[in-house]
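So this one's coords36.pdb, PDB, C-alpha atoms and all ligand atoms:
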ATOM      1  CA  MET A 755    -103.444   4.568 -73.229
ATOM      2  CA  PRO A 756     -99.816   4.660 -72.024
ATOM      3  CA  VAL A 757     -98.437   2.507 -74.866
ATOM      4  CA  GLU A 758     -99.607   2.911 -78.431
ATOM      5  CA  GLU A 759     -97.959   0.845 -81.146
ATOM      6  CA  LEU A 760     -98.200   2.175 -84.696
ATOM      7  CA  GLU A 761     -96.652   0.619 -87.780
ATOM      8  CA  ASP A 762     -93.311   2.402 -87.591
ATOM      9  CA  ARG A 763     -93.278   3.824 -84.053
ATOM     10  CA  VAL A 764     -94.383   3.461 -80.455
ATOM     11  CA  ILE A 765     -95.804   6.270 -78.317
ATOM     12  CA  LEU A 766     -95.240   6.045 -74.580
ATOM     13  CA  THR A 767     -97.320   8.409 -72.454
ATOM     14  CA  ASP A 768     -96.867   9.358 -68.794
ATOM     15  CA  VAL A 769     -99.649   7.812 -66.696
ATOM     16  CA  ASN A 770    -100.310  11.110 -64.881
ATOM     17  CA  ASP A 771     -99.947  13.594 -67.728
ATOM     18  CA  SER A 772    -101.134  13.004 -71.278
ATOM     19  CA  ASN A 773     -98.991  15.982 -72.389
ATOM     20  CA  THR A 774     -95.790  14.145 -71.430
ATOM     21  CA  LYS A 775     -94.836  11.459 -73.927
ATOM     22  CA  LEU A 776     -92.101   9.826 -75.952
ATOM     23  CA  THR A 777     -92.191   8.859 -79.610
ATOM     24  CA  ILE A 778     -89.826   6.013 -80.451
ATOM     25  CA  LEU A 779     -89.206   4.930 -84.029
ATOM     26  CA  LYS A 780     -88.739   1.200 -84.473
ATOM     27  CA  PHE A 781     -85.978   2.130 -86.914
ATOM     28  CA  GLY A 782     -82.905   2.380 -84.698
ATOM     29  CA  ALA A 783     -85.176   2.317 -81.605
ATOM     30  CA  THR A 784     -84.605   6.054 -81.914
ATOM     31  CA  ILE A 785     -86.495   8.363 -79.558
ATOM     32  CA  ILE A 786     -87.483  11.185 -81.915
ATOM     33  CA  SER A 787     -89.576  13.235 -79.505
ATOM     34  CA  TRP A 788     -89.784  13.834 -75.767
ATOM     35  CA  HIS A 789     -92.738  16.056 -75.116
ATOM     36  CA  HIS A 790     -92.815  17.294 -71.535
ATOM     37  CA  GLN A 791     -95.968  19.115 -70.497
ATOM     38  CA  GLY A 792     -96.382  20.107 -74.113
ATOM     39  CA  GLU A 793     -92.776  21.335 -74.694
ATOM     40  CA  GLU A 794     -90.258  19.485 -76.846
ATOM     41  CA  ASN A 795     -86.996  18.533 -75.141
ATOM     42  CA  LEU A 796     -85.184  16.923 -78.058
ATOM     43  CA  TRP A 797     -83.896  18.519 -81.231
ATOM     44  CA  LEU A 798     -84.886  16.868 -84.515
ATOM     45  CA  SER A 799     -83.695  18.138 -87.869
ATOM     46  CA  LYS A 800     -86.456  19.262 -90.220
ATOM     47  CA  ALA A 801     -84.706  17.180 -92.907
ATOM     48  CA  ALA A 802     -84.273  14.080 -90.723
ATOM     49  CA  LYS A 803     -85.174  10.900 -92.604
ATOM     50  CA  LEU A 804     -87.728   8.898 -90.614
ATOM     51  CA  ASP A 805     -88.344   6.280 -93.293
ATOM     52  CA  GLY A 806     -85.379   4.031 -92.528
ATOM     53  CA  SER A 807     -83.262   5.284 -95.425
ATOM     54  CA  LYS A 808     -80.569   6.683 -93.084
ATOM     55  CA  PRO A 809     -79.929   7.219 -89.365
ATOM     56  CA  VAL A 810     -82.128   9.892 -87.804
ATOM     57  CA  ARG A 811     -80.524  13.355 -87.515
ATOM     58  CA  GLY A 812     -81.716  14.275 -84.041
ATOM     59  CA  GLY A 813     -83.556  12.672 -81.139
ATOM     60  CA  ILE A 814     -81.572   9.882 -79.462
ATOM     61  CA  PRO A 815     -79.877   7.580 -82.009
ATOM     62  CA  LEU A 816     -78.097   4.560 -80.508
ATOM     63  CA  VAL A 817     -74.451   3.942 -81.308
ATOM     64  CA  PHE A 818     -73.214   0.301 -81.343
ATOM     65  CA  PRO A 819     -70.806  -1.517 -81.775
ATOM     66  CA  VAL A 820     -68.393   1.251 -82.799
ATOM     67  CA  PHE A 821     -68.285   4.967 -82.084
ATOM     68  CA  GLY A 822     -67.228   7.018 -85.120
ATOM     69  CA  LYS A 823     -65.144   5.086 -87.611
ATOM     70  CA  GLN A 824     -62.829   2.368 -86.291
ATOM     71  CA  LYS A 825     -59.219   3.575 -86.551
ATOM     72  CA  ASP A 826     -57.615   0.135 -86.242
ATOM     73  CA  PRO A 827     -57.981  -1.504 -89.695
ATOM     74  CA  ASN A 828     -57.585  -4.970 -88.146
ATOM     75  CA  HIS A 829     -60.365  -4.589 -85.602
ATOM     76  CA  PRO A 830     -63.541  -6.641 -86.275
ATOM     77  CA  THR A 831     -65.586  -3.412 -86.368
ATOM     78  CA  ALA A 832     -63.324  -1.861 -89.058
ATOM     79  CA  LYS A 833     -65.713  -2.511 -91.947
ATOM     80  CA  LEU A 834     -68.772  -1.073 -90.208
ATOM     81  CA  PRO A 835     -70.131   2.381 -91.053
ATOM     82  CA  GLN A 836     -69.617   5.396 -88.783
ATOM     83  CA  HIS A 837     -71.363   4.808 -85.412
ATOM     84  CA  GLY A 838     -72.124   1.157 -86.279
ATOM     85  CA  PHE A 839     -75.441  -0.457 -87.175
ATOM     86  CA  ALA A 840     -77.813  -0.111 -84.188
ATOM     87  CA  ARG A 841     -79.074   3.278 -85.379
ATOM     88  CA  ASN A 842     -79.827   2.114 -88.913
ATOM     89  CA  ASN A 843     -81.653  -1.156 -88.435
ATOM     90  CA  THR A 844     -85.236  -1.775 -87.402
ATOM     91  CA  TRP A 845     -85.575  -3.111 -83.860
ATOM     92  CA  GLU A 846     -88.310  -5.455 -82.698
ATOM     93  CA  PHE A 847     -90.858  -3.947 -80.318
ATOM     94  CA  LEU A 848     -90.986  -6.368 -77.385
ATOM     95  CA  GLY A 849     -93.921  -4.747 -75.589
ATOM     96  CA  GLN A 850     -94.627  -3.262 -72.194
ATOM     97  CA  ILE A 851     -92.931  -4.746 -69.126
ATOM     98  CA  SER A 852     -94.337  -2.527 -66.390
ATOM     99  CA  GLU A 853     -97.378  -0.292 -65.873
ATOM    100  CA  ASN A 854     -96.156   2.549 -63.704
ATOM    101  CA  PRO A 855     -93.857   4.082 -64.750
ATOM    102  CA  PRO A 856     -94.848   2.788 -68.172
ATOM    103  CA  THR A 857     -91.845   0.832 -69.418
ATOM    104  CA  ILE A 858     -91.299  -0.763 -72.809
ATOM    105  CA  GLN A 859     -88.547  -2.755 -74.496
ATOM    106  CA  PHE A 860     -87.042  -3.078 -77.956
ATOM    107  CA  GLY A 861     -84.671  -5.796 -79.107
ATOM    108  CA  LEU A 862     -82.051  -6.165 -81.813
ATOM    109  CA  GLY A 863     -80.214  -9.326 -82.792
ATOM    110  CA  PRO A 864     -78.463 -10.807 -85.843
ATOM    111  CA  GLU A 865     -81.855 -11.833 -87.324
ATOM    112  CA  GLN A 866     -82.750  -8.143 -87.800
ATOM    113  CA  LEU A 867     -79.546  -7.300 -89.678
ATOM    114  CA  ASP A 868     -79.110  -7.469 -93.416
ATOM    115  CA  GLU A 869     -76.638  -9.969 -94.803
ATOM    116  CA  GLU A 870     -74.008  -7.363 -95.649
ATOM    117  CA  THR A 871     -73.874  -6.148 -92.032
ATOM    118  CA  ARG A 872     -73.796  -9.744 -90.748
ATOM    119  CA  LEU A 873     -70.779 -10.464 -92.926
ATOM    120  CA  LYS A 874     -69.040  -7.336 -91.688
ATOM    121  CA  TRP A 875     -69.679  -8.131 -88.007
ATOM    122  CA  PRO A 876     -70.500 -11.849 -87.640
ATOM    123  CA  PHE A 877     -70.966 -12.061 -83.846
ATOM    124  CA  ASP A 878     -74.019 -13.420 -82.021
ATOM    125  CA  PHE A 879     -75.570 -10.857 -79.738
ATOM    126  CA  THR A 880     -78.792  -9.550 -78.253
ATOM    127  CA  LEU A 881     -79.445  -5.890 -77.479
ATOM    128  CA  ILE A 882     -82.361  -5.062 -75.191
ATOM    129  CA  LEU A 883     -83.317  -1.412 -74.828
ATOM    130  CA  THR A 884     -85.634  -0.522 -71.937
ATOM    131  CA  VAL A 885     -87.325   2.891 -71.933
ATOM    132  CA  SER A 886     -89.548   4.496 -69.324
ATOM    133  CA  ILE A 887     -91.075   7.892 -68.717
ATOM    134  CA  SER A 888     -92.485   9.350 -65.524
ATOM    135  CA  GLY A 889     -93.017  13.017 -64.725
ATOM    136  CA  ASP A 890     -89.707  14.837 -65.187
ATOM    137  CA  LYS A 891     -87.685  11.703 -65.830
ATOM    138  CA  LEU A 892     -86.688   9.705 -68.890
ATOM    139  CA  VAL A 893     -84.711   6.467 -68.397
ATOM    140  CA  GLN A 894     -82.997   4.432 -71.115
ATOM    141  CA  LYS A 895     -81.163   1.240 -70.253
ATOM    142  CA  ILE A 896     -79.238  -0.940 -72.677
ATOM    143  CA  GLU A 897     -78.275  -4.543 -72.126
ATOM    144  CA  VAL A 898     -75.794  -6.182 -74.442
ATOM    145  CA  GLU A 899     -75.543  -9.965 -74.318
ATOM    146  CA  ASN A 900     -72.940 -12.051 -76.057
ATOM    147  CA  THR A 901     -74.990 -15.100 -77.089
ATOM    148  CA  GLY A 902     -72.173 -16.624 -79.132
ATOM    149  CA  SER A 903     -69.106 -18.653 -78.276
ATOM    150  CA  THR A 904     -66.399 -16.055 -78.976
ATOM    151  CA  PRO A 905     -65.757 -12.798 -77.131
ATOM    152  CA  PHE A 906     -66.393  -9.487 -78.891
ATOM    153  CA  GLU A 907     -65.552  -5.831 -78.281
ATOM    154  CA  PHE A 908     -67.891  -2.874 -78.636
ATOM    155  CA  ASN A 909     -68.625   0.789 -77.936
ATOM    156  CA  TRP A 910     -71.983   2.060 -76.754
ATOM    157  CA  LEU A 911     -73.382   5.622 -76.862
ATOM    158  CA  PHE A 912     -76.730   7.372 -76.326
ATOM    159  CA  HIS A 913     -76.336  10.130 -78.962
ATOM    160  CA  THR A 914     -78.738  12.581 -77.292
ATOM    161  CA  TYR A 915     -79.653  15.782 -79.169
ATOM    162  CA  TYR A 916     -81.163  18.259 -76.670
ATOM    163  CA  HIS A 917     -83.290  21.128 -77.861
ATOM    164  CA  VAL A 918     -82.113  24.513 -76.515
ATOM    165  CA  GLU A 919     -83.268  28.056 -77.214
ATOM    166  CA  ASP A 920     -79.829  29.360 -78.166
ATOM    167  CA  ILE A 921     -76.574  27.431 -77.851
ATOM    168  CA  THR A 922     -74.640  30.626 -77.000
ATOM    169  CA  ASP A 923     -76.621  30.853 -73.720
ATOM    170  CA  VAL A 924     -75.956  27.219 -72.778
ATOM    171  CA  LEU A 925     -73.468  25.846 -70.254
ATOM    172  CA  VAL A 926     -72.612  22.202 -69.562
ATOM    173  CA  ASN A 927     -71.113  21.768 -66.123
ATOM    174  CA  ASN A 928     -69.347  19.275 -63.858
ATOM    175  CA  LEU A 929     -66.764  18.193 -66.420
ATOM    176  CA  VAL A 930     -63.971  20.263 -64.828
ATOM    177  CA  ASP A 931     -60.682  18.390 -64.324
ATOM    178  CA  VAL A 932     -61.880  15.547 -66.538
ATOM    179  CA  SER A 933     -59.461  14.226 -69.134
ATOM    180  CA  CYS A 934     -60.775  14.782 -72.632
ATOM    181  CA  TYR A 935     -59.899  14.013 -76.220
ATOM    182  CA  ASP A 936     -60.629  16.900 -78.551
ATOM    183  CA  GLN A 937     -61.650  15.328 -81.860
ATOM    184  CA  LEU A 938     -61.210  18.600 -83.754
ATOM    185  CA  ILE A 939     -57.512  19.043 -83.001
ATOM    186  CA  ALA A 940     -56.751  15.390 -82.162
ATOM    187  CA  GLU A 941     -55.346  16.307 -78.761
ATOM    188  CA  GLN A 942     -55.724  14.999 -75.246
ATOM    189  CA  TYR A 943     -55.901  17.460 -72.335
ATOM    190  CA  THR A 944     -57.653  18.139 -69.034
ATOM    191  CA  GLU A 945     -60.813  20.236 -69.161
ATOM    192  CA  LYS A 946     -60.306  23.319 -67.014
ATOM    193  CA  ALA A 947     -63.561  25.186 -67.623
ATOM    194  CA  PRO A 948     -65.896  25.003 -64.586
ATOM    195  CA  ALA A 949     -68.698  25.056 -67.159
ATOM    196  CA  ILE A 950     -68.330  24.536 -70.890
ATOM    197  CA  SER A 951     -69.699  27.240 -73.184
ATOM    198  CA  PHE A 952     -70.152  27.210 -76.954
ATOM    199  CA  HIS A 953     -69.005  29.727 -79.559
ATOM    200  CA  GLU A 954     -67.622  27.485 -82.324
ATOM    201  CA  GLU A 955     -67.627  23.843 -83.451
ATOM    202  CA  PHE A 956     -67.237  21.557 -80.435
ATOM    203  CA  ASP A 957     -66.439  17.823 -80.422
ATOM    204  CA  ARG A 958     -64.862  16.366 -77.285
ATOM    205  CA  ILE A 959     -64.864  12.974 -75.630
ATOM    206  CA  TYR A 960     -64.818  13.404 -71.838
ATOM    207  CA  GLN A 961     -63.272  10.254 -70.430
ATOM    208  CA  ASN A 962     -63.847   8.317 -67.233
ATOM    209  CA  VAL A 963     -66.221  10.881 -65.772
ATOM    210  CA  ASN A 964     -66.842   9.946 -62.132
ATOM    211  CA  PRO A 965     -70.295   8.290 -62.033
ATOM    212  CA  LYS A 966     -71.180  10.438 -59.014
ATOM    213  CA  ARG A 967     -71.047  13.543 -61.175
ATOM    214  CA  THR A 968     -74.335  14.824 -62.542
ATOM    215  CA  ILE A 969     -73.729  16.544 -65.855
ATOM    216  CA  GLN A 970     -76.069  19.529 -66.074
ATOM    217  CA  ILE A 971     -77.249  21.448 -69.116
ATOM    218  CA  ILE A 972     -77.947  25.001 -68.039
ATOM    219  CA  ASP A 973     -79.640  27.750 -70.019
ATOM    220  CA  LYS A 974     -79.336  31.372 -68.815
ATOM    221  CA  GLY A 975     -78.759  30.183 -65.243
ATOM    222  CA  LYS A 976     -81.655  27.725 -65.278
ATOM    223  CA  VAL A 977     -81.024  23.977 -65.112
ATOM    224  CA  LEU A 978     -82.684  22.321 -68.108
ATOM    225  CA  TYR A 979     -81.473  18.751 -67.600
ATOM    226  CA  ASN A 980     -79.565  16.622 -65.112
ATOM    227  CA  LEU A 981     -77.810  13.661 -66.611
ATOM    228  CA  HIS A 982     -77.200  10.633 -64.359
ATOM    229  CA  ARG A 983     -75.178   7.774 -65.768
ATOM    230  CA  THR A 984     -74.753   4.151 -64.738
ATOM    231  CA  ASN A 985     -71.777   2.227 -66.138
ATOM    232  CA  LEU A 986     -71.297   4.793 -68.907
ATOM    233  CA  GLN A 987     -67.843   6.144 -68.215
ATOM    234  CA  ASP A 988     -67.501   8.685 -71.047
ATOM    235  CA  SER A 989     -69.548  11.585 -72.355
ATOM    236  CA  VAL A 990     -69.232  13.149 -75.781
ATOM    237  CA  VAL A 991     -70.212  16.807 -76.115
ATOM    238  CA  TRP A 992     -70.895  17.974 -79.676
ATOM    239  CA  ASN A 993     -72.166  20.933 -81.638
ATOM    240  CA  PRO A 994     -71.421  21.066 -85.393
ATOM    241  CA  TRP A 995     -71.657  24.868 -85.690
ATOM    242  CA  THR A 996     -71.862  26.634 -89.083
ATOM    243  CA  LYS A 997     -69.620  24.749 -91.532
ATOM    244  CA  LYS A 998     -70.271  21.209 -90.364
ATOM    245  CA  ALA A 999     -74.032  21.849 -90.298
ATOM    246  CA  GLU A1000     -73.834  23.139 -93.871
ATOM    247  CA  GLY A1001     -72.069  19.960 -94.936
ATOM    248  CA  MET A1002     -74.771  17.652 -93.569
ATOM    249  CA  GLY A1003     -77.561  17.122 -96.127
ATOM    250  CA  ASP A1004     -80.058  16.079 -93.450
ATOM    251  CA  PHE A1005     -79.343  19.022 -91.114
ATOM    252  CA  GLU A1006     -82.095  21.649 -91.427
ATOM    253  CA  PRO A1007     -82.466  24.469 -90.925
ATOM    254  CA  LYS A1008     -78.764  25.180 -91.418
ATOM    255  CA  LEU A1009     -78.845  27.595 -88.483
ATOM    256  CA  GLY A1010     -80.471  24.833 -86.398
ATOM    257  CA  PHE A1011     -77.149  24.272 -84.608
ATOM    258  CA  HIS A1012     -78.172  27.260 -82.480
ATOM    259  CA  ASN A1013     -81.052  25.201 -81.108
ATOM    260  CA  MET A1014     -79.231  22.001 -80.164
ATOM    261  CA  VAL A1015     -76.481  20.499 -78.103
ATOM    262  CA  CYS A1016     -75.474  16.857 -77.959
ATOM    263  CA  VAL A1017     -74.402  15.451 -74.604
ATOM    264  CA  GLU A1018     -73.886  11.755 -75.189
ATOM    265  CA  PRO A1019     -73.077   9.329 -72.398
ATOM    266  CA  GLY A1020     -71.413   6.107 -73.468
ATOM    267  CA  HIS A1021     -68.378   3.857 -73.346
ATOM    268  CA  VAL A1022     -66.253   5.041 -76.248
ATOM    269  CA  SER A1023     -62.726   5.931 -75.140
ATOM    270  CA  SER A1024     -61.985   2.210 -74.943
ATOM    271  CA  MET A1025     -63.934  -0.835 -76.033
ATOM    272  CA  VAL A1026     -65.919  -3.074 -73.722
ATOM    273  CA  LEU A1027     -64.722  -6.679 -73.976
ATOM    274  CA  LEU A1028     -67.672  -9.032 -73.587
ATOM    275  CA  PRO A1029     -66.801 -12.708 -73.089
ATOM    276  CA  ALA A1030     -69.057 -15.411 -74.537
ATOM    277  CA  LYS A1031     -72.398 -15.820 -72.712
ATOM    278  CA  GLU A1032     -71.883 -12.667 -70.627
ATOM    279  CA  LYS A1033     -73.955  -9.477 -70.335
ATOM    280  CA  TRP A1034     -73.130  -5.789 -69.993
ATOM    281  CA  SER A1035     -75.506  -2.936 -69.264
ATOM    282  CA  GLY A1036     -75.471   0.862 -69.163
ATOM    283  CA  GLN A1037     -78.103   3.474 -68.368
ATOM    284  CA  GLN A1038     -78.821   7.149 -68.814
ATOM    285  CA  GLU A1039     -81.409   8.906 -66.671
ATOM    286  CA  ILE A1040     -82.365  12.443 -67.660
ATOM    287  CA  VAL A1041     -84.180  14.570 -65.102
ATOM    288  CA  ILE A1042     -85.635  17.981 -65.949
ATOM    289  CA  GLY A1043     -85.011  21.096 -63.817
ATOM    290  CA  GLY A1044     -83.777  21.580 -60.257
ATOM    291  CA  GLU A1045     -80.873  23.506 -58.763
ATOM    292  CA  ILE A1046     -77.373  24.091 -60.102
ATOM    293  CA  LYS A1047     -75.042  21.582 -58.475
ATOM    294  CA  VAL A1048     -71.306  22.320 -58.509
ATOM    295  CA  GLN A1049     -69.134  19.204 -58.317
ATOM    296  CA  THR A1050     -65.358  19.211 -58.510
ATOM    297  CA  ASN A1051     -62.701  16.714 -57.463
ATOM    298  CA  ILE A1052     -62.737  18.072 -53.922
ATOM    299  CA  TYR A1053     -66.228  16.723 -53.357
ATOM    300  CA  GLU A1054     -65.800  13.351 -55.045
TER     301      GLU A1054
HETATM  302  C1  LIG B1101     -70.689  12.862 -82.549
HETATM  303  C2  LIG B1101     -69.237  12.807 -82.919
HETATM  304  O1  LIG B1101     -70.950  11.940 -81.539
HETATM  305  O2  LIG B1101     -71.472  12.516 -83.702
HETATM  306  C3  LIG B1101     -68.971  13.730 -84.097
HETATM  307  O3  LIG B1101     -68.441  13.175 -81.810
HETATM  308  C4  LIG B1101     -69.894  13.400 -85.257
HETATM  309  O4  LIG B1101     -67.612  13.617 -84.482
HETATM  310  C5  LIG B1101     -71.317  13.425 -84.768
HETATM  311  O5  LIG B1101     -69.693  14.351 -86.292
HETATM  312  C6  LIG B1101     -72.375  13.123 -85.818
HETATM  313  O6  LIG B1101     -72.118  11.942 -86.485
HETATM  314  P1  LIG B1101     -73.028  11.464 -87.676
HETATM  315  O7  LIG B1101     -72.481  10.155 -88.136
HETATM  316  O8  LIG B1101     -74.420  11.314 -87.104
HETATM  317  O9  LIG B1101     -72.983  12.545 -88.711
END

Starting from the file, give its structure as structure tokens.
Ligand code: BG6
Amino acid sequence: MPVEELEDRVILTDVNDSNTKLTILKFGATIISWHHQGEENLWLSKAAKLDGSKPVRGGIPLVFPVFGKQKDPNHPTAKLPQHGFARNNTWEFLGQISENPPTIQFGLGPEQLDEETRLKWPFDFTLILTVSISGDKLVQKIEVENTGSTPFEFNWLFHTYYHVEDITDVLVNNLVDVSCYDQLIAEQYTEKAPAISFHEEFDRIYQNVNPKRTIQIIDKGKVLYNLHRTNLQDSVVWNPWTKKAEGMGDFEPKLGFHNMVCVEPGHVSSMVLLPAKEKWSGQQEIVIGGEIKVQTNIYE
């Protein structure tokens, strides 16, 4: 059975391989597991709350309508919590829309939000998340529709926690010469590393990454994942390292930062302005394996 709906989650199984499947919590429409031929691709904290009491620490939480905390106190998203409300509300499971690859949808609208959130962000909207799995590929597409009569502004982000064996062996490539904002030192500069490596806390927003670039996550010379993006101009790269992990109550084990890296495509360095009655969409496609591909400005 490719689609199995349980009370709090949906399991989506590859039609050709029963050992390849996704588990998606209705809470936040969060993918909490991506089993591929029996191996887990996503990192999930052992202390992650899966009961809807807080956003899931791990998997792929969805960030909307604000990334981080809004810095402009007069912006309509200013009263919202860090990373908005999409990751901490229960989405409606809309069912299966195609057989092969098996594809399902989840929806979120004002009717799913509690009154407090509605008061904080009173716009009319519909979010439709489409998810499919086939062989080595996972695709997530988000559609944001402004169903109201006034424009609104938002950020979007797929906050993807990848599972890795050891972060110190990991490289993330094809971000060379991209302008980035380093959230740890609050500075803007151009990335010069041909491949990023990790040996301390890391929190950077790579901005306007050419859509032709495939961001690769490489472990000891082997490509783990290829990240293709559609209409998602930015990518956040994050690892909390020792101190930050210690400070997060739902981050376990504390040394678990060794086994994860977040590479998060989105639109966060500016806000998307969505006029009344219009739609916006963005997509991430993650493909396992393959060859190392070196892309720099010369080839773009
Ligand atoms: C990342 C941000 O996307 O999310 C970090 O760049 C942040 O600054 C991290 O710490 C985790 O956020 P949260 O709200 O899930 O603890």

Contacts of Arg872 of chain A at 12 Å (all atoms listed in the file; same-chain gap of 6+ positions) as a PyMOL selection string: chain A and resi 830-831+833-834+838-839+843+863-866+878-879

As a check of understanding, name the residues that the PyMOL selection byres (((not hetatm)) within 6 of (chain B and resi 1101)) selects in the supplied structure, as a PDB file with C-alpha atoms, in the coordinates of the input.
ATOM      1  CA  GLN A 836     -69.617   5.396 -88.783  1.00  0.00           C
ATOM      2  CA  ASP A 957     -66.439  17.823 -80.422  1.00  0.00           C
ATOM      3  CA  TRP A 992     -70.895  17.974 -79.676  1.00  0.00           C
TER       4      TRP A 992
END

Selection: 9 Å around Gln859 of chain A, all atoms listed in the file, excl. self and same-chain fewer than 2 positions, as a list in words: Glu846, Phe847, Leu848, Gly849, Gln850, Ile851, Thr857, Gly861, Ile882, Leu883, Thr884, Val885 and Ser886 of chain A

Resulting file, chosen residues, C-alpha atoms, as a PDB file, keeping the file's coordinate frame:
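What landed in again-v8.pdb:
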ATOM      1  CA  GLU A 846     -88.310  -5.455 -82.698  1.00  0.00           C
ATOM      2  CA  PHE A 847     -90.858  -3.947 -80.318  1.00  0.00           C
ATOM      3  CA  LEU A 848     -90.986  -6.368 -77.385  1.00  0.00           C
ATOM      4  CA  GLY A 849     -93.921  -4.747 -75.589  1.00  0.00           C
ATOM      5  CA  GLN A 850     -94.627  -3.262 -72.194  1.00  0.00           C
ATOM      6  CA  ILE A 851     -92.931  -4.746 -69.126  1.00  0.00           C
ATOM      7  CA  THR A 857     -91.845   0.832 -69.418  1.00  0.00           C
ATOM      8  CA  GLY A 861     -84.671  -5.796 -79.107  1.00  0.00           C
ATOM      9  CA  ILE A 882     -82.361  -5.062 -75.191  1.00  0.00           C
ATOM     10  CA  LEU A 883     -83.317  -1.412 -74.828  1.00  0.00           C
ATOM     11  CA  THR A 884     -85.634  -0.522 -71.937  1.00  0.00           C
ATOM     12  CA  VAL A 885     -87.325   2.891 -71.933  1.00  0.00           C
ATOM     13  CA  SER A 886     -89.548   4.496 -69.324  1.00  0.00           C
TER      14      SER A 886
END

Non-local contacts of Thr968 of chain A (10 Å; only C-alpha atoms; under 3 positions in same chain excluded) as a PDB file with C-alpha atoms, keeping the file's coordinate frame:
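What landed in result37.pdb:
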ATOM      1  CA  ASN A 927     -71.113  21.768 -66.123  1.00  0.00           C
ATOM      2  CA  ASN A 928     -69.347  19.275 -63.858  1.00  0.00           C
ATOM      3  CA  LEU A 929     -66.764  18.193 -66.420  1.00  0.00           C
ATOM      4  CA  VAL A 963     -66.221  10.881 -65.772  1.00  0.00           C
ATOM      5  CA  ASN A 964     -66.842   9.946 -62.132  1.00  0.00           C
ATOM      6  CA  PRO A 965     -70.295   8.290 -62.033  1.00  0.00           C
ATOM      7  CA  ILE A 971     -77.249  21.448 -69.116  1.00  0.00           C
ATOM      8  CA  TYR A 979     -81.473  18.751 -67.600  1.00  0.00           C
ATOM      9  CA  ASN A 980     -79.565  16.622 -65.112  1.00  0.00           C
ATOM     10  CA  LEU A 981     -77.810  13.661 -66.611  1.00  0.00           C
ATOM     11  CA  HIS A 982     -77.200  10.633 -64.359  1.00  0.00           C
ATOM     12  CA  ARG A 983     -75.178   7.774 -65.768  1.00  0.00           C
ATOM     13  CA  ILE A1040     -82.365  12.443 -67.660  1.00  0.00           C
ATOM     14  CA  LYS A1047     -75.042  21.582 -58.475  1.00  0.00           C
ATOM     15  CA  VAL A1048     -71.306  22.320 -58.509  1.00  0.00           C
ATOM     16  CA  GLN A1049     -69.134  19.204 -58.317  1.00  0.00           C
TER      17      GLN A1049
END

Residues returned when the PyMOL selection byres (((chain A and resi 757-771) around 8) and not hetatm) runs on this file, as a PDB file with C-alpha atoms, keeping the file's coordinate frame:
ATOM      1  CA  MET A 755    -103.444   4.568 -73.229  1.00  0.00           C
ATOM      2  CA  PRO A 756     -99.816   4.660 -72.024  1.00  0.00           C
ATOM      3  CA  SER A 772    -101.134  13.004 -71.278  1.00  0.00           C
ATOM      4  CA  ASN A 773     -98.991  15.982 -72.389  1.00  0.00           C
ATOM      5  CA  THR A 774     -95.790  14.145 -71.430  1.00  0.00           C
ATOM      6  CA  LYS A 775     -94.836  11.459 -73.927  1.00  0.00           C
ATOM      7  CA  LEU A 776     -92.101   9.826 -75.952  1.00  0.00           C
ATOM      8  CA  THR A 777     -92.191   8.859 -79.610  1.00  0.00           C
ATOM      9  CA  ILE A 778     -89.826   6.013 -80.451  1.00  0.00           C
ATOM     10  CA  LEU A 779     -89.206   4.930 -84.029  1.00  0.00           C
ATOM     11  CA  LYS A 780     -88.739   1.200 -84.473  1.00  0.00           C
ATOM     12  CA  PHE A 781     -85.978   2.130 -86.914  1.00  0.00           C
ATOM     13  CA  GLN A 791     -95.968  19.115 -70.497  1.00  0.00           C
ATOM     14  CA  GLN A 850     -94.627  -3.262 -72.194  1.00  0.00           C
ATOM     15  CA  ASN A 854     -96.156   2.549 -63.704  1.00  0.00           C
ATOM     16  CA  PRO A 855     -93.857   4.082 -64.750  1.00  0.00           C
ATOM     17  CA  PRO A 856     -94.848   2.788 -68.172  1.00  0.00           C
ATOM     18  CA  SER A 886     -89.548   4.496 -69.324  1.00  0.00           C
ATOM     19  CA  ILE A 887     -91.075   7.892 -68.717  1.00  0.00           C
ATOM     20  CA  SER A 888     -92.485   9.350 -65.524  1.00  0.00           C
ATOM     21  CA  GLY A 889     -93.017  13.017 -64.725  1.00  0.00           C
TER      22      GLY A 889
END

Selected residue of minimal separation from Pro994 of chain A among A:Asp973, A:Glu1006, A:Glu919, A:Glu954, counting all atoms listed in the file: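 Looking only at the distances to Pro994 of chain A, the closest residue turns out to be A:Glu954.
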
Straight-line distance linking atom CA of Phe821 of chain A with atom CA of Val977 of chain A, stated in Å to one decimal: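 Distance reported for this atom pair: 28.5 Å.
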
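Distances to Lys997 of chain A were evaluated for A:Thr944, A:Phe956, A:Thr901, A:Met1025 using all atoms listed in the file, and the minimum falls at A:Phe956.
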
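Between Phe908 of chain A and the residues A:Leu798, A:Val991, A:Ala840, A:Ile959, the shortest atom-to-atom distance, using only C-alpha atoms, involves A:Ala840.
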
Test item: axis-aligned box, all listed atoms of segment 839-851 of chain A, 5 Å on each side, centre and edges in Å rounded to one decimal, as lines of an AutoDock Vina configuration file:
center_x = -85.0
center_y = -1.5
center_z = -79.0
size_x = 29.2
size_y = 19.6
size_z = 29.8
